[in-house]
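As stored in entry_1.cif (mmCIF, C-alpha atoms):
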data_target
loop_
_atom_site.label_atom_id
_atom_site.label_comp_id
_atom_site.auth_asym_id
_atom_site.auth_seq_id
_atom_site.Cartn_x
_atom_site.Cartn_y
_atom_site.Cartn_z
CA MET A 28 0.00 0.00 0.00
CA LYS A 29 1.29 3.43 -0.97
CA LEU A 30 0.75 6.48 1.22
CA TYR A 31 1.30 9.79 -0.58
CA ASP A 32 2.67 11.69 2.34
CA LEU A 33 4.01 14.96 3.75
CA GLU A 34 6.05 14.75 6.93
CA LEU A 35 4.68 18.10 8.21
CA SER A 36 1.02 17.21 7.57
CA GLY A 37 -0.95 16.22 10.64
CA ASN A 38 -3.49 14.52 8.37
CA CYS A 39 -0.76 12.33 6.86
CA TYR A 40 0.61 11.70 10.35
CA LYS A 41 -2.79 10.31 11.44
CA VAL A 42 -2.25 7.46 8.97
CA ARG A 43 1.43 6.91 9.80
CA LEU A 44 0.52 6.87 13.51
CA LEU A 45 -2.11 4.14 13.14
CA ALA A 46 0.27 2.14 10.95
CA ALA A 47 2.97 2.41 13.63
CA LEU A 48 0.65 1.58 16.54
CA ALA A 49 -1.02 -1.34 14.77
CA GLY A 50 2.01 -2.69 12.90
CA ILE A 51 0.77 -2.02 9.37
CA GLU A 52 3.36 -1.74 6.60
CA LEU A 53 3.07 1.27 4.30
CA GLU A 54 5.16 2.38 1.37
CA ILE A 55 5.67 6.10 2.05
CA ILE A 56 5.80 8.29 -1.08
CA PRO A 57 6.90 11.83 -0.11
CA VAL A 58 4.97 14.57 -1.96
CA ASP A 59 6.63 17.90 -2.85
CA PHE A 60 3.92 19.99 -1.20
CA LEU A 61 5.66 23.38 -1.54
CA ASP A 62 6.01 22.76 -5.28
CA GLY A 63 2.30 21.88 -5.52
CA GLU A 64 2.84 18.30 -6.64
CA HIS A 65 -0.54 17.37 -5.10
CA LYS A 66 -2.30 19.99 -7.25
CA ARG A 67 -1.27 18.57 -10.64
CA ALA A 68 -1.19 15.24 -12.52
CA PRO A 69 -0.80 12.46 -11.62
CA LEU A 70 -1.84 13.19 -8.00
CA ILE A 71 -4.78 15.47 -8.84
CA ASP A 72 -6.25 12.56 -10.84
CA LYS A 73 -5.90 10.27 -7.82
CA ASN A 74 -7.52 12.90 -5.56
CA PRO A 75 -9.43 15.74 -7.26
CA TRP A 76 -9.55 17.49 -3.86
CA GLY A 77 -5.85 18.33 -4.40
CA GLU A 78 -5.01 17.17 -0.89
CA ILE A 79 -2.91 14.57 0.86
CA PRO A 80 -2.84 11.96 2.32
CA ILE A 81 -3.84 9.65 -0.51
CA LEU A 82 -3.81 5.89 0.02
CA GLU A 83 -3.35 3.60 -2.98
CA ASP A 84 -3.94 -0.12 -2.55
CA GLY A 85 -3.96 -1.75 -5.98
CA GLU A 86 -6.98 -0.36 -7.84
CA LEU A 87 -8.38 1.35 -4.75
CA ILE A 88 -7.53 5.03 -4.19
CA LEU A 89 -8.76 6.80 -1.06
CA ARG A 90 -8.75 10.44 0.03
CA ASP A 91 -9.49 11.84 3.52
CA ALA A 92 -7.34 10.78 6.48
CA GLN A 93 -10.31 9.53 8.49
CA ALA A 94 -11.64 7.34 5.65
CA ILE A 95 -8.13 5.93 5.22
CA LEU A 96 -7.98 5.15 8.95
CA ILE A 97 -11.27 3.23 8.67
CA TYR A 98 -9.96 1.27 5.68
CA LEU A 99 -6.67 0.34 7.35
CA ALA A 100 -8.40 -0.64 10.58
CA ASN A 101 -10.99 -2.80 8.79
CA LYS A 102 -8.39 -4.47 6.61
CA HIS A 103 -5.31 -4.74 8.80
CA ALA A 104 -5.69 -3.47 12.36
CA GLY A 105 -8.79 -5.17 13.68
CA ALA A 106 -11.67 -4.35 15.96
CA GLN A 107 -9.51 -2.90 18.73
CA TRP A 108 -9.26 0.26 16.63
CA TRP A 109 -12.58 0.22 14.72
CA PRO A 110 -15.15 -2.17 16.24
CA GLU A 111 -17.75 -3.96 14.14
CA ASP A 112 -20.46 -3.72 16.82
CA ALA A 113 -22.94 -0.97 15.96
CA ALA A 114 -22.91 0.86 19.32
CA LEU A 115 -19.12 0.64 19.75
CA GLN A 116 -18.35 1.69 16.17
CA ALA A 117 -20.65 4.70 16.41
CA GLN A 118 -18.99 5.88 19.63
CA VAL A 119 -15.61 5.87 17.88
CA ALA A 120 -17.13 7.40 14.74
CA GLN A 121 -18.36 10.46 16.66
CA TRP A 122 -14.74 11.46 17.25
CA LEU A 123 -13.69 10.87 13.65
CA PHE A 124 -16.30 13.44 12.62
CA THR A 125 -15.10 15.79 15.36
CA ALA A 126 -11.66 15.51 13.73
CA ALA A 127 -13.03 16.30 10.26
CA ASN A 128 -15.22 19.16 11.51
CA GLU A 129 -14.20 21.05 14.67
CA ILE A 130 -10.54 20.01 14.87
CA GLN A 131 -10.01 20.59 11.14
CA HIS A 132 -11.53 24.08 11.27
CA GLY A 133 -10.14 24.90 14.73
CA PRO A 134 -6.54 24.00 15.67
CA ASN A 135 -5.64 22.64 12.23
CA ALA A 136 -6.83 25.81 10.48
CA ALA A 137 -5.06 28.05 13.03
CA ARG A 138 -1.80 26.23 12.26
CA LEU A 139 -2.37 26.56 8.50
CA VAL A 140 -2.49 30.35 8.98
CA ASP A 141 0.59 30.61 11.20
CA LYS A 142 2.80 27.95 9.65
CA PHE A 143 1.79 27.83 6.00
CA GLY A 144 0.42 31.34 5.39
CA TYR A 145 -3.15 30.34 4.53
CA THR A 146 -5.48 33.37 4.28
CA LEU A 147 -8.13 32.13 6.70
CA ASN A 148 -9.70 34.27 9.42
CA LYS A 149 -7.39 33.55 12.35
CA ALA A 150 -9.85 34.82 14.97
CA ASP A 151 -12.50 32.37 13.72
CA THR A 152 -10.03 29.49 13.92
CA LEU A 153 -9.10 30.45 17.50
CA ALA A 154 -12.74 30.73 18.56
CA MET A 155 -13.51 27.30 17.12
CA SER A 156 -10.36 25.91 18.78
CA ALA A 157 -11.33 27.28 22.20
CA ARG A 158 -14.77 25.68 21.92
CA ILE A 159 -13.59 22.21 20.88
CA LEU A 160 -10.61 22.16 23.26
CA GLY A 161 -12.96 23.05 26.11
CA LEU A 162 -15.28 20.18 25.18
CA LEU A 163 -12.31 17.84 24.84
CA GLU A 164 -10.88 18.91 28.22
CA SER A 165 -14.21 18.32 29.89
CA HIS A 166 -14.54 14.86 28.28
CA LEU A 167 -10.96 13.86 29.19
CA ASN A 168 -11.50 14.95 32.77
CA GLN A 169 -13.93 12.05 32.99
CA HIS A 170 -12.40 9.53 30.59
CA GLU A 171 -8.84 8.30 29.99
CA TRP A 172 -9.50 7.79 26.28
CA LEU A 173 -11.94 9.38 23.84
CA ALA A 174 -14.11 6.27 23.42
CA LEU A 175 -14.55 2.75 24.79
CA ASN A 176 -11.97 3.24 27.60
CA ARG A 177 -9.11 2.29 25.27
CA PRO A 178 -7.12 3.75 22.39
CA THR A 179 -9.08 3.57 19.12
CA LEU A 180 -9.14 5.31 15.74
CA ALA A 181 -10.52 8.28 17.68
CA GLU A 182 -7.05 8.92 19.12
CA CYS A 183 -5.37 8.61 15.71
CA ALA A 184 -7.79 11.16 14.24
CA VAL A 185 -8.04 13.72 17.06
CA PHE A 186 -4.57 13.65 18.64
CA PRO A 187 -2.35 15.07 15.84
CA TYR A 188 -3.80 18.57 15.45
CA VAL A 189 -4.45 18.90 19.18
CA ALA A 190 -0.80 18.09 19.88
CA LEU A 191 0.20 20.56 17.10
CA ALA A 192 -2.04 23.35 18.42
CA HIS A 193 0.93 25.40 19.67
CA GLU A 194 2.00 25.82 16.04
CA GLY A 195 -1.22 27.78 15.56
CA GLY A 196 -0.54 29.96 18.58
CA ILE A 197 -2.75 27.95 20.97
CA GLN A 198 -1.25 27.03 24.34
CA LEU A 199 -2.49 23.82 25.94
CA SER A 200 -1.42 24.81 29.48
CA ASP A 201 -5.06 25.69 30.26
CA TYR A 202 -6.08 22.13 29.42
CA PRO A 203 -4.40 19.78 31.92
CA ALA A 204 -6.58 16.75 31.12
CA ILE A 205 -5.68 17.09 27.44
CA GLY A 206 -2.03 17.26 28.49
CA ARG A 207 -2.32 13.99 30.43
CA TRP A 208 -4.08 12.32 27.49
CA ILE A 209 -1.28 13.43 25.15
CA LYS A 210 1.24 11.83 27.52
CA ARG A 211 -0.75 8.58 27.57
CA ILE A 212 -0.77 8.48 23.76
CA LYS A 213 2.96 9.16 23.55
CA ALA A 214 3.53 6.20 25.88
CA LEU A 215 1.64 3.72 23.68
CA PRO A 216 3.78 0.84 22.32
CA GLY A 217 4.89 1.67 18.78
CA PHE A 218 4.12 5.39 19.07
CA ILE A 219 5.96 7.57 16.54
CA PRO A 220 6.23 11.38 16.69
CA MET A 221 6.20 13.95 13.90
CA PRO A 222 8.02 17.31 13.76
CA ALA A 223 6.76 19.59 16.60
CA ILE A 224 5.09 16.69 18.44
CA MET B 5 -35.10 4.87 19.60
CA LYS B 6 -35.59 8.54 20.25
CA LEU B 7 -34.40 11.21 17.83
CA TYR B 8 -34.17 14.69 19.37
CA ASP B 9 -35.10 16.62 16.29
CA LEU B 10 -35.68 19.97 14.62
CA GLU B 11 -37.73 19.98 11.43
CA LEU B 12 -35.67 22.82 9.89
CA SER B 13 -32.30 21.18 10.65
CA GLY B 14 -30.61 19.52 7.68
CA ASN B 15 -28.53 17.47 10.11
CA CYS B 16 -31.66 16.08 11.75
CA TYR B 17 -33.17 15.51 8.31
CA LYS B 18 -30.19 13.29 7.37
CA VAL B 19 -31.33 10.86 10.07
CA ARG B 20 -35.03 11.10 9.25
CA LEU B 21 -34.20 10.56 5.57
CA LEU B 22 -32.25 7.34 6.18
CA ALA B 23 -35.00 6.11 8.49
CA ALA B 24 -37.59 6.76 5.78
CA LEU B 25 -35.55 5.21 2.96
CA ALA B 26 -34.57 2.13 4.98
CA GLY B 27 -37.82 1.65 6.92
CA ILE B 28 -36.43 2.31 10.41
CA GLU B 29 -38.88 3.39 13.10
CA LEU B 30 -37.88 6.44 15.16
CA GLU B 31 -39.64 8.24 17.97
CA ILE B 32 -39.29 11.90 16.99
CA ILE B 33 -38.89 14.31 19.93
CA PRO B 34 -39.17 17.91 18.69
CA VAL B 35 -36.66 20.28 20.31
CA ASP B 36 -37.50 23.95 20.92
CA PHE B 37 -34.40 25.23 19.15
CA LEU B 38 -35.33 28.93 19.19
CA ASP B 39 -35.79 28.72 22.96
CA GLY B 40 -32.36 27.06 23.32
CA GLU B 41 -33.69 23.78 24.71
CA HIS B 42 -30.60 21.98 23.28
CA LYS B 43 -28.27 24.31 25.22
CA ARG B 44 -29.56 23.43 28.70
CA ALA B 45 -30.37 20.37 30.84
CA PRO B 46 -31.41 17.70 30.17
CA LEU B 47 -30.27 17.88 26.51
CA ILE B 48 -26.87 19.48 27.19
CA ASP B 49 -26.08 16.48 29.41
CA LYS B 50 -26.98 14.10 26.59
CA ASN B 51 -24.82 16.09 24.13
CA PRO B 52 -22.31 18.58 25.63
CA TRP B 53 -21.82 19.97 22.08
CA GLY B 54 -25.21 21.65 22.53
CA GLU B 55 -26.34 20.44 19.13
CA ILE B 56 -28.99 18.27 17.57
CA PRO B 57 -29.67 15.63 16.33
CA ILE B 58 -29.19 13.39 19.35
CA LEU B 59 -30.09 9.70 19.11
CA GLU B 60 -31.00 7.83 22.28
CA ASP B 61 -31.30 4.04 22.17
CA GLY B 62 -31.60 2.73 25.71
CA GLU B 63 -28.34 3.55 27.49
CA LEU B 64 -26.63 4.65 24.27
CA ILE B 65 -26.62 8.35 23.43
CA LEU B 66 -25.06 9.55 20.16
CA ARG B 67 -24.24 12.98 18.78
CA ASP B 68 -23.25 13.89 15.19
CA ALA B 69 -25.59 13.13 12.32
CA GLN B 70 -23.00 11.07 10.46
CA ALA B 71 -22.18 8.87 13.47
CA ILE B 72 -25.92 8.34 13.97
CA LEU B 73 -26.28 7.31 10.31
CA ILE B 74 -23.50 4.72 10.79
CA TYR B 75 -25.20 3.37 13.90
CA LEU B 76 -28.62 3.08 12.30
CA ALA B 77 -27.19 1.46 9.17
CA ASN B 78 -25.15 -1.07 11.15
CA LYS B 79 -28.03 -1.93 13.42
CA HIS B 80 -31.12 -1.67 11.24
CA ALA B 81 -30.50 -0.81 7.60
CA GLY B 82 -27.85 -3.25 6.46
CA ALA B 83 -24.88 -3.30 4.14
CA GLN B 84 -26.70 -1.64 1.24
CA TRP B 85 -26.20 1.66 3.06
CA TRP B 86 -22.95 1.02 4.99
CA PRO B 87 -21.02 -1.98 3.71
CA GLU B 88 -18.87 -4.16 5.98
CA ASP B 89 -16.22 -4.76 3.31
CA ALA B 90 -13.17 -2.57 3.98
CA ALA B 91 -12.81 -1.08 0.49
CA LEU B 92 -16.54 -0.46 0.02
CA GLN B 93 -17.04 1.01 3.50
CA ALA B 94 -14.11 3.41 3.04
CA GLN B 95 -15.49 4.66 -0.27
CA VAL B 96 -18.77 5.56 1.44
CA ALA B 97 -16.91 6.96 4.47
CA GLN B 98 -15.03 9.50 2.32
CA TRP B 99 -18.33 11.23 1.61
CA LEU B 100 -19.47 11.20 5.25
CA PHE B 101 -16.32 13.18 6.08
CA THR B 102 -16.99 15.51 3.14
CA ALA B 103 -20.39 16.16 4.75
CA ALA B 104 -18.83 16.89 8.17
CA ASN B 105 -16.08 19.06 6.71
CA GLU B 106 -16.67 20.88 3.41
CA ILE B 107 -20.47 20.68 3.25
CA GLN B 108 -20.83 21.66 6.92
CA HIS B 109 -18.56 24.69 6.54
CA GLY B 110 -19.75 25.52 3.00
CA PRO B 111 -23.47 25.39 2.08
CA ASN B 112 -24.62 24.55 5.63
CA ALA B 113 -22.74 27.52 7.13
CA ALA B 114 -23.98 29.87 4.37
CA ARG B 115 -27.54 28.90 5.27
CA LEU B 116 -26.87 29.41 8.99
CA VAL B 117 -25.93 33.01 8.21
CA ASP B 118 -28.88 33.79 5.95
CA LYS B 119 -31.62 31.81 7.67
CA PHE B 120 -30.63 31.79 11.34
CA GLY B 121 -28.50 34.94 11.67
CA TYR B 122 -25.23 33.22 12.66
CA THR B 123 -22.28 35.65 12.68
CA LEU B 124 -20.01 33.64 10.38
CA ASN B 125 -18.01 35.15 7.51
CA LYS B 126 -20.46 34.73 4.63
CA ALA B 127 -17.79 35.20 1.93
CA ASP B 128 -15.76 32.32 3.40
CA THR B 129 -18.81 30.07 3.41
CA LEU B 130 -19.54 30.94 -0.23
CA ALA B 131 -15.93 30.29 -1.27
CA MET B 132 -15.95 26.89 0.43
CA SER B 133 -19.36 26.14 -1.13
CA ALA B 134 -18.12 26.96 -4.63
CA ARG B 135 -15.13 24.67 -4.20
CA ILE B 136 -17.05 21.65 -2.89
CA LEU B 137 -19.99 22.08 -5.27
CA GLY B 138 -17.52 22.18 -8.17
CA LEU B 139 -15.90 18.94 -6.99
CA LEU B 140 -19.32 17.37 -6.49
CA GLU B 141 -20.51 18.46 -9.96
CA SER B 142 -17.42 16.99 -11.54
CA HIS B 143 -17.87 13.70 -9.67
CA LEU B 144 -21.58 13.48 -10.51
CA ASN B 145 -20.84 14.12 -14.16
CA GLN B 146 -19.14 10.73 -14.15
CA HIS B 147 -21.19 8.82 -11.56
CA GLU B 148 -24.92 8.49 -10.90
CA TRP B 149 -24.35 8.12 -7.16
CA LEU B 150 -21.59 9.31 -4.82
CA ALA B 151 -20.18 5.85 -4.13
CA LEU B 152 -20.58 2.22 -5.21
CA ASN B 153 -22.99 3.06 -8.06
CA ARG B 154 -25.95 2.97 -5.72
CA PRO B 155 -27.56 5.08 -2.96
CA THR B 156 -25.65 4.72 0.33
CA LEU B 157 -25.18 6.67 3.56
CA ALA B 158 -23.16 9.07 1.40
CA GLU B 159 -26.41 10.36 -0.13
CA CYS B 160 -28.09 10.72 3.29
CA ALA B 161 -25.15 12.77 4.57
CA VAL B 162 -24.35 14.98 1.55
CA PHE B 163 -27.75 15.57 -0.04
CA PRO B 164 -29.56 17.66 2.61
CA TYR B 165 -27.36 20.77 2.72
CA VAL B 166 -26.70 20.63 -1.01
CA ALA B 167 -30.44 20.61 -1.68
CA LEU B 168 -30.83 23.46 0.87
CA ALA B 169 -28.01 25.56 -0.65
CA HIS B 170 -30.48 28.11 -2.07
CA GLU B 171 -31.39 29.07 1.49
CA GLY B 172 -27.79 30.27 1.84
CA GLY B 173 -27.98 32.30 -1.36
CA ILE B 174 -26.32 29.64 -3.55
CA GLN B 175 -28.00 28.83 -6.84
CA LEU B 176 -27.54 25.31 -8.17
CA SER B 177 -28.39 26.23 -11.79
CA ASP B 178 -24.66 26.19 -12.58
CA TYR B 179 -24.46 22.57 -11.46
CA PRO B 180 -26.65 20.48 -13.77
CA ALA B 181 -25.19 17.10 -12.72
CA ILE B 182 -25.98 17.94 -9.08
CA GLY B 183 -29.49 18.85 -10.17
CA ARG B 184 -29.96 15.46 -11.86
CA TRP B 185 -28.61 13.67 -8.76
CA ILE B 186 -31.07 15.57 -6.55
CA LYS B 187 -33.91 14.39 -8.81
CA ARG B 188 -32.70 10.78 -8.57
CA ILE B 189 -32.68 10.99 -4.77
CA LYS B 190 -36.15 12.52 -4.67
CA ALA B 191 -37.39 9.58 -6.76
CA LEU B 192 -36.10 6.92 -4.34
CA PRO B 193 -38.81 4.72 -2.77
CA GLY B 194 -39.69 6.06 0.68
CA PHE B 195 -38.09 9.49 0.11
CA ILE B 196 -39.36 12.22 2.42
CA PRO B 197 -38.77 15.97 1.98
CA MET B 198 -38.16 18.69 4.54
CA PRO B 199 -39.16 22.38 4.39
CA ALA B 200 -37.44 24.08 1.39
CA ILE B 201 -36.50 20.72 -0.21
#
Go ahead and express the file in the form of structure tokens.
Amino acid sequence: MKLYDLELSGNCYKVRLLAALAGIELEIIPVDFLDGEHKRAPLIDKNPWGEIPILEDGELILRDAQAILIYLANKHAGAQWWPEDAALQAQVAQWLFTAANEIQHGPNAARLVDKFGYTLNKADTLAMSARILGLLESHLNQHEWLALNRPTLAECAVFPYVALAHEGGIQLSDYPAIGRWIKRIKALPGFIPMPAI
Amino acid sequence: MKLYDLELSGNCYKVRLLAALAGIELEIIPVDFLDGEHKRAPLIDKNPWGEIPILEDGELILRDAQAILIYLANKHAGAQWWPEDAALQAQVAQWLFTAANEIQHGPNAARLVDKFGYTLNKADTLAMSARILGLLESHLNQHEWLALNRPTLAECAVFPYVALAHEGGIQLSDYPAIGRWIKRIKALPGFIPMPAI
């Protein structure tokens, strides 16, 4: 399986992190992001969104980090990460959509402004970050893990841009429960970091 | 199963639509949204996000329309809507994350500004709408359905706020393939509308 990858992308890191934690082998293909390689052929034909990561497994080509996590868990990582049971799967799924919605448009977007010069409204990204980090802090004050009392795909999806929040000018010192959760994730067997994490 | 619901919410409609198409019985509990019923007890304890829909099935309480769709499909609707096979499930999943990300912050957000007076940056919502509607148009020019050549959860998640785009000041006349797809969905057995669709 090929992962079209950027080392500095938290979305790509989500996939590398699951692969490391679950022992899945990936062929990493670095993409020249600054040169816009993902915006032109052949990558734009693999993913018309013009984004990475892209996963290629034979004929199958997938976009969206969260959808790739689901694929890898179903195919290679097993029910520990993405349960088959309806109630359990839905509880993990809630957090994958939090990653695609509030985390994407909160801490991820704030970092895009500060680190990559995106012309987004920084104040909006900070307001959305404060809201979701507050909800996350409150949840993690009562739970060691996001769902099911164990690490799941929820951690792979939510952790990266929370742990990168400081690169968008957001300090996590006001969120001690989030800080303890980050330490628990970093202590998982097989954990790999990325730059700034 | 109880669905805490608002008739004018496209996110609630996603759940009602799947239930109608797949023949799932729901107990609909109308929420007094204008009075902020979802922002205070007991609903805020069921969903700290302060949002609807909320699904309650015995002890299980779920937030996020997409996660609720996954639960209902796994438990009651079957693999036609949410396949178990890794490759097929991931292809549907991609579109659920598109709904939570680009559709939520594009046409849904534009409508929140125009219809409900939210103080979001309207220009940003229109720019994001134009991008995702262009990608959707291009995809639907080559495919009758979003994934797997048949209606799936992808339709339930993406259709509502696309079909409501005009309430955010977005005209779909420039997107004929989207228009044909909307007609196909409206012709599905069991289809139900919502106000303005």
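Shortest separation to chain B among A:Val189, A:Ala104, A:Cys183, A:Val58 occurs at residue A:Ala104, atoms counted being only C-alpha atoms.
Once the PyMOL selection byres ((chain A) within 7 of (chain B)) is applied to this file, the selection holds Arg90, Asp91, Ala94, Ile95, Ile97, Tyr98, Asn101, Lys102, Ala113, Ala114, Ala117, Ala120, Gln121, Phe124, Ala127 and Asn128 of chain A.
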key: Explicit residues for the PyMOL selection byres ((chain B and resi 13-29) around 6) (as number ranges by chain)   = B: 9-12, 30, 57, 69, 81, 160-161, 164, 194-195
Dump of C-alpha atoms for the selected residues, as a CSV table (one decimal), keeping the file's coordinate frame:
chain,number,residue,atom,x,y,z
B,9,ASP,CA,-35.1,16.6,16.3
B,10,LEU,CA,-35.7,20.0,14.6
B,11,GLU,CA,-37.7,20.0,11.4
B,12,LEU,CA,-35.7,22.8,9.9
B,30,LEU,CA,-37.9,6.4,15.2
B,57,PRO,CA,-29.7,15.6,16.3
B,69,ALA,CA,-25.6,13.1,12.3
B,81,ALA,CA,-30.5,-0.8,7.6
B,160,CYS,CA,-28.1,10.7,3.3
B,161,ALA,CA,-25.2,12.8,4.6
B,164,PRO,CA,-29.6,17.7,2.6
B,194,GLY,CA,-39.7,6.1,0.7
B,195,PHE,CA,-38.1,9.5,0.1
re CA of Met155 (chain A) and CA of Gly133 (chain A): distance 4.8 Å
| request: Would you mind listing what lies within 12 Å of Lys187 (chain B) as a list of chain:residue names, with only C-alpha atoms counted and same-chain residues fewer than 4 positions away left out? | output: B:Glu148, B:Trp149, B:Phe163, B:Ala167, B:Pro180, B:Ala181, B:Ile182, B:Gly183, B:Ala191, B:Leu192, B:Phe195, B:Pro197, B:Ile201
re CA of Gly173 (chain B) and CA of Gly121 (chain B): distance 13.3 Å
re CA of Ala45 (chain B) and CA of Leu163 (chain A): distance 19.2 Å
